[in-house]
file target35.cif (mmCIF, C-alpha atoms)
data_model
#
loop_
_atom_site.label_atom_id
_atom_site.label_comp_id
_atom_site.auth_asym_id
_atom_site.auth_seq_id
_atom_site.Cartn_x
_atom_site.Cartn_y
_atom_site.Cartn_z
CA MET A 135 -20.24 2.60 -1.87
CA ALA A 136 -17.03 1.96 -3.84
CA ARG A 137 -15.34 5.18 -2.77
CA SER A 138 -16.42 4.87 0.86
CA LEU A 139 -15.06 1.30 1.00
CA LEU A 140 -11.71 2.45 -0.37
CA GLU A 141 -11.69 5.42 2.04
CA ALA A 142 -12.34 3.04 4.95
CA THR A 143 -9.49 0.84 3.74
CA HIS A 144 -7.05 3.77 3.64
CA ALA A 145 -8.29 4.99 7.05
CA ALA A 146 -7.58 1.56 8.54
CA TRP A 147 -4.10 1.60 6.99
CA CYS A 148 -3.38 5.03 8.49
CA THR A 149 -4.14 3.75 11.99
CA GLY A 150 -2.34 0.43 11.53
CA GLU A 151 -5.56 -1.60 11.80
CA ILE A 152 -4.64 -4.39 9.42
CA GLU A 153 -7.58 -6.65 10.34
CA ARG A 154 -10.05 -3.83 9.73
CA LEU A 155 -8.33 -3.12 6.40
CA LEU A 156 -8.50 -6.81 5.43
CA SER A 157 -12.20 -6.99 6.27
CA ASN A 158 -12.73 -4.91 3.12
CA TYR A 159 -11.11 -7.58 0.90
CA VAL A 160 -12.37 -10.91 -0.44
CA ASP A 161 -10.51 -13.99 0.81
CA ASP A 162 -8.87 -14.65 -2.57
CA CYS A 163 -7.83 -11.02 -3.06
CA VAL A 164 -4.92 -9.98 -5.24
CA TYR A 165 -2.54 -7.13 -4.46
CA TRP A 166 -0.19 -5.98 -7.21
CA CYS A 167 2.34 -3.17 -6.96
CA ASN A 168 4.67 -2.02 -9.71
CA ALA A 169 7.35 -1.26 -7.10
CA GLY A 170 6.57 -3.44 -4.10
CA SER A 171 9.85 -5.37 -4.00
CA LEU A 172 12.91 -3.93 -2.29
CA ASP A 173 14.72 -3.77 -5.62
CA GLY A 174 11.86 -1.76 -7.15
CA SER A 175 10.48 -4.56 -9.31
CA PRO A 176 6.77 -5.47 -9.43
CA PHE A 177 5.34 -7.43 -6.53
CA ILE A 178 2.19 -9.57 -6.30
CA VAL A 179 0.44 -11.13 -3.34
CA GLU A 180 -2.47 -13.54 -3.72
CA GLY A 181 -4.79 -14.34 -0.83
CA LYS A 182 -5.69 -12.63 2.41
CA GLN A 183 -3.14 -14.42 4.63
CA PRO A 184 -0.09 -13.57 2.47
CA PHE A 185 -1.45 -10.01 2.10
CA ARG A 186 -1.73 -9.79 5.92
CA ALA A 187 1.90 -10.90 6.29
CA PHE A 188 3.04 -8.35 3.71
CA LEU A 189 1.17 -5.50 5.44
CA GLN A 190 2.52 -6.55 8.84
CA SER A 191 6.07 -6.48 7.48
CA ILE A 192 5.54 -2.84 6.49
CA THR A 193 3.89 -1.71 9.72
CA ALA A 194 6.68 -3.37 11.72
CA VAL A 195 9.25 -0.94 10.31
CA ALA A 196 7.28 2.10 9.16
CA GLU A 197 4.27 4.26 9.72
CA SER A 198 2.17 5.30 6.76
CA ALA A 199 -0.71 7.51 5.81
CA SER A 200 -2.73 7.72 2.64
CA VAL A 201 -5.78 9.60 1.43
CA ILE A 202 -7.80 9.63 -1.76
CA GLU A 203 -7.35 12.81 -3.81
CA HIS A 204 -9.49 11.75 -6.77
CA PHE A 205 -11.80 8.79 -7.39
CA GLN A 206 -13.68 7.57 -10.45
CA PHE A 207 -15.84 4.43 -10.58
CA GLU A 208 -17.18 2.60 -13.61
CA ASP A 209 -18.15 -1.01 -14.36
CA GLY A 210 -16.96 -2.39 -11.02
CA VAL A 211 -13.54 -0.71 -11.21
CA GLY A 212 -12.38 2.25 -9.16
CA ARG A 213 -9.52 4.46 -10.28
CA ALA A 214 -7.96 6.67 -7.64
CA GLN A 215 -5.13 9.13 -7.17
CA ILE A 216 -3.68 8.65 -3.69
CA GLU A 217 -1.59 11.09 -1.64
CA ALA A 218 0.67 9.12 0.70
CA TYR A 219 3.71 9.13 2.92
CA ILE A 220 5.72 6.51 4.70
CA ARG A 221 8.17 7.17 7.55
CA HIS A 222 10.76 4.57 8.44
CA ARG A 223 10.75 4.23 12.23
CA ARG A 224 14.47 3.65 12.87
CA THR A 225 15.98 6.12 10.43
CA GLY A 226 13.19 8.71 10.31
CA HIS A 227 13.44 8.87 6.52
CA VAL A 228 10.21 9.92 4.83
CA LEU A 229 8.91 9.12 1.36
CA ALA A 230 5.99 11.28 0.26
CA GLY A 231 4.14 11.54 -3.00
CA THR A 232 1.22 10.26 -4.99
CA TYR A 233 0.38 7.00 -6.68
CA ARG A 234 -2.38 5.61 -8.85
CA GLN A 235 -4.58 2.84 -7.52
CA ILE A 236 -6.93 0.68 -9.56
CA VAL A 237 -9.38 -1.33 -7.50
CA THR A 238 -11.61 -4.11 -8.81
CA TYR A 239 -14.66 -4.82 -6.66
CA ARG A 240 -16.58 -8.05 -6.15
CA GLY A 241 -19.85 -7.39 -4.40
CA ARG A 242 -19.15 -5.06 -1.49
CA LYS A 243 -15.47 -5.99 -1.15
CA ILE A 244 -12.18 -5.39 -2.92
CA ALA A 245 -11.07 -8.28 -5.13
CA LYS A 246 -7.92 -6.73 -6.61
CA SER A 247 -5.83 -3.68 -5.83
CA GLU A 248 -3.17 -2.45 -8.22
CA GLU A 249 -0.79 0.32 -7.17
CA TYR A 250 1.41 2.30 -9.54
CA HIS A 251 4.17 4.16 -7.70
CA ASP A 252 7.25 6.04 -8.85
CA ALA A 253 9.34 2.85 -8.88
CA ALA A 254 12.73 4.59 -9.02
CA LYS A 255 11.84 6.89 -6.12
CA MET A 256 10.56 4.00 -4.00
CA ALA A 257 13.61 1.85 -4.70
CA ALA A 258 15.92 4.76 -3.84
CA PHE A 259 14.07 5.31 -0.55
CA TRP A 260 14.47 1.68 0.54
CA ARG A 261 18.13 1.61 -0.57
CA LEU A 262 18.76 4.71 1.57
CA VAL A 263 16.98 3.15 4.56
CA THR A 264 18.96 -0.08 4.17
CA SER A 265 22.26 1.77 3.78
CA ASP A 266 21.65 3.96 6.83
CA GLU A 267 20.56 0.99 8.93
CA LYS A 268 23.75 -0.91 7.99
CA ALA A 269 25.87 2.14 8.87
CA GLU A 270 24.08 2.52 12.19
CA ASN A 271 24.52 -1.17 13.03
CA SER A 272 28.25 -1.07 12.25
CA LYS A 273 28.92 1.69 14.80
#

call {"tool": "encode", "arguments": {"input": "target35.cif", "output": "structure tokens"}}
result
Amino acid sequence: MARSLLEATHAAWCTGEIERLLSNYVDDCVYWCNAGSLDGSPFIVEGKQPFRAFLQSITAVAESASVIEHFQFEDGVGRAQIEAYIRHRRTGHVLAGTYRQIVTYRGRKIAKSEEYHDAAKMAAFWRLVTSDEKAENSK
């Protein structure tokens, strides 16, 4: 059940179905990412509505895909290795790689999701996107 719920969550993300993705989370969910801020610093979102807004901000500018490569579940916690890519719509820049995800379950839903990305790589990607967008807008 734990793996299939996480797979369904990633499948919804891949197709941009944010409401379907959010249906797999408890209302007071927590999302934490070691590199979720534009400057590469850790980022935390608490609650379904702020999480929805965060996800919408990503899908507005990029398309993404992610799939579980490895999954282990014990004592209500899932640990996964995720293969992912994100493509910025305006610039076409692509960031691809893997990240670790730790998911805490409450009942049949996700209570907390922690993502551990290559923070330097992610920050460099968003700096490149921002730089190229500024250059394009100044033409």

call {"tool": "resolve_selection", "arguments": {"input": "target35.cif", "expression": "the PyMOL selection byres ((chain A and resi 262) around 12)", "output": "MDAnalysis selection string"}}
result
chainID A and resid 172:173 222 225:229 255:261 263:269

call {"tool": "closest_atom_pairs", "arguments": {"input": "target35.cif", "of": "segment 153-233 of chain A", "to": "segment 240-248 of chain A", "cutoff": "9 Å", "atoms": "all atoms listed in the file", "output": "JSON lines"}}
result
{"residue": "A:Ser157", "atom": "CA", "partner": "A:Lys243", "partner_atom": "CA", "distance": 8.2}
{"residue": "A:Asn158", "atom": "CA", "partner": "A:Lys243", "partner_atom": "CA", "distance": 5.2}
{"residue": "A:Tyr159", "atom": "CA", "partner": "A:Ile244", "partner_atom": "CA", "distance": 4.5}
{"residue": "A:Val160", "atom": "CA", "partner": "A:Ala245", "partner_atom": "CA", "distance": 5.5}
{"residue": "A:Asp161", "atom": "CA", "partner": "A:Ala245", "partner_atom": "CA", "distance": 8.3}
{"residue": "A:Asp162", "atom": "CA", "partner": "A:Ala245", "partner_atom": "CA", "distance": 7.2}
{"residue": "A:Cys163", "atom": "CA", "partner": "A:Ala245", "partner_atom": "CA", "distance": 4.7}
{"residue": "A:Val164", "atom": "CA", "partner": "A:Lys246", "partner_atom": "CA", "distance": 4.6}
{"residue": "A:Tyr165", "atom": "CA", "partner": "A:Ser247", "partner_atom": "CA", "distance": 5.0}
{"residue": "A:Trp166", "atom": "CA", "partner": "A:Glu248", "partner_atom": "CA", "distance": 4.7}
{"residue": "A:Cys167", "atom": "CA", "partner": "A:Glu248", "partner_atom": "CA", "distance": 5.7}
{"residue": "A:Asn168", "atom": "CA", "partner": "A:Glu248", "partner_atom": "CA", "distance": 8.0}
{"residue": "A:Gly210", "atom": "CA", "partner": "A:Arg240", "partner_atom": "CA", "distance": 7.5}

call {"tool": "closest_atom_pairs", "arguments": {"input": "target35.cif", "of": "segment 188-261 of chain A", "to": "segment 141-144 of chain A", "cutoff": "9 Å", "atoms": "all atoms listed in the file", "output": "Markdown table"}}
result
| residue | atom | partner | partner_atom | distance |
| --- | --- | --- | --- | --- |
| A:Ala199 | CA | A:His144 | CA | 7.7 |
| A:Ser200 | CA | A:His144 | CA | 5.9 |
| A:Val201 | CA | A:His144 | CA | 6.4 |
| A:Ile202 | CA | A:Glu141 | CA | 6.9 |

call {"tool": "resolve_selection", "arguments": {"input": "target35.cif", "expression": "the PyMOL selection byres ((chain A and resi 231) around 7)", "output": "VMD selection string"}}
result
chain A and resid 217 to 219 229 to 230 232 to 233

call {"tool": "atom_distance", "arguments": {"input": "target35.cif", "atom1": "atom CA of Glu197 of chain A", "atom2": "atom CA of Val179 of chain A"}}
result
20.5 Å

call {"tool": "atom_distance", "arguments": {"input": "target35.cif", "atom1": "atom CA of Ala254 of chain A", "atom2": "atom CA of Gln235 of chain A"}}
result
17.5 Å

call {"tool": "closest_residue", "arguments": {"input": "target35.cif", "among": "A:Leu156, A:Ala196, A:Met135, A:Ala169", "to": "Gly181 of chain A", "atoms": "all atoms listed in the file"}}
result
A:Leu156

call {"tool": "closest_residue", "arguments": {"input": "target35.cif", "among": "A:Gln190, A:Gln206, A:Gln215, A:Gln183", "to": "Glu151 of chain A", "atoms": "only C-alpha atoms"}}
result
A:Gln190

call {"tool": "atom_distance", "arguments": {"input": "target35.cif", "atom1": "atom CA of Val237 of chain A", "atom2": "atom CA of Gly212 of chain A"}}
result
5.0 Å

call {"tool": "resolve_selection", "arguments": {"input": "target35.cif", "expression": "the PyMOL selection byres ((chain A and resi 194) around 12)", "output": "list in words"}}
result
Gly150, Ile152, Ala187, Phe188, Leu189, Gln190, Ser191, Ile192, Thr193, Val195, Ala196, Glu197, Ser198, Arg221, His222, Arg223 and Arg224 of chain A
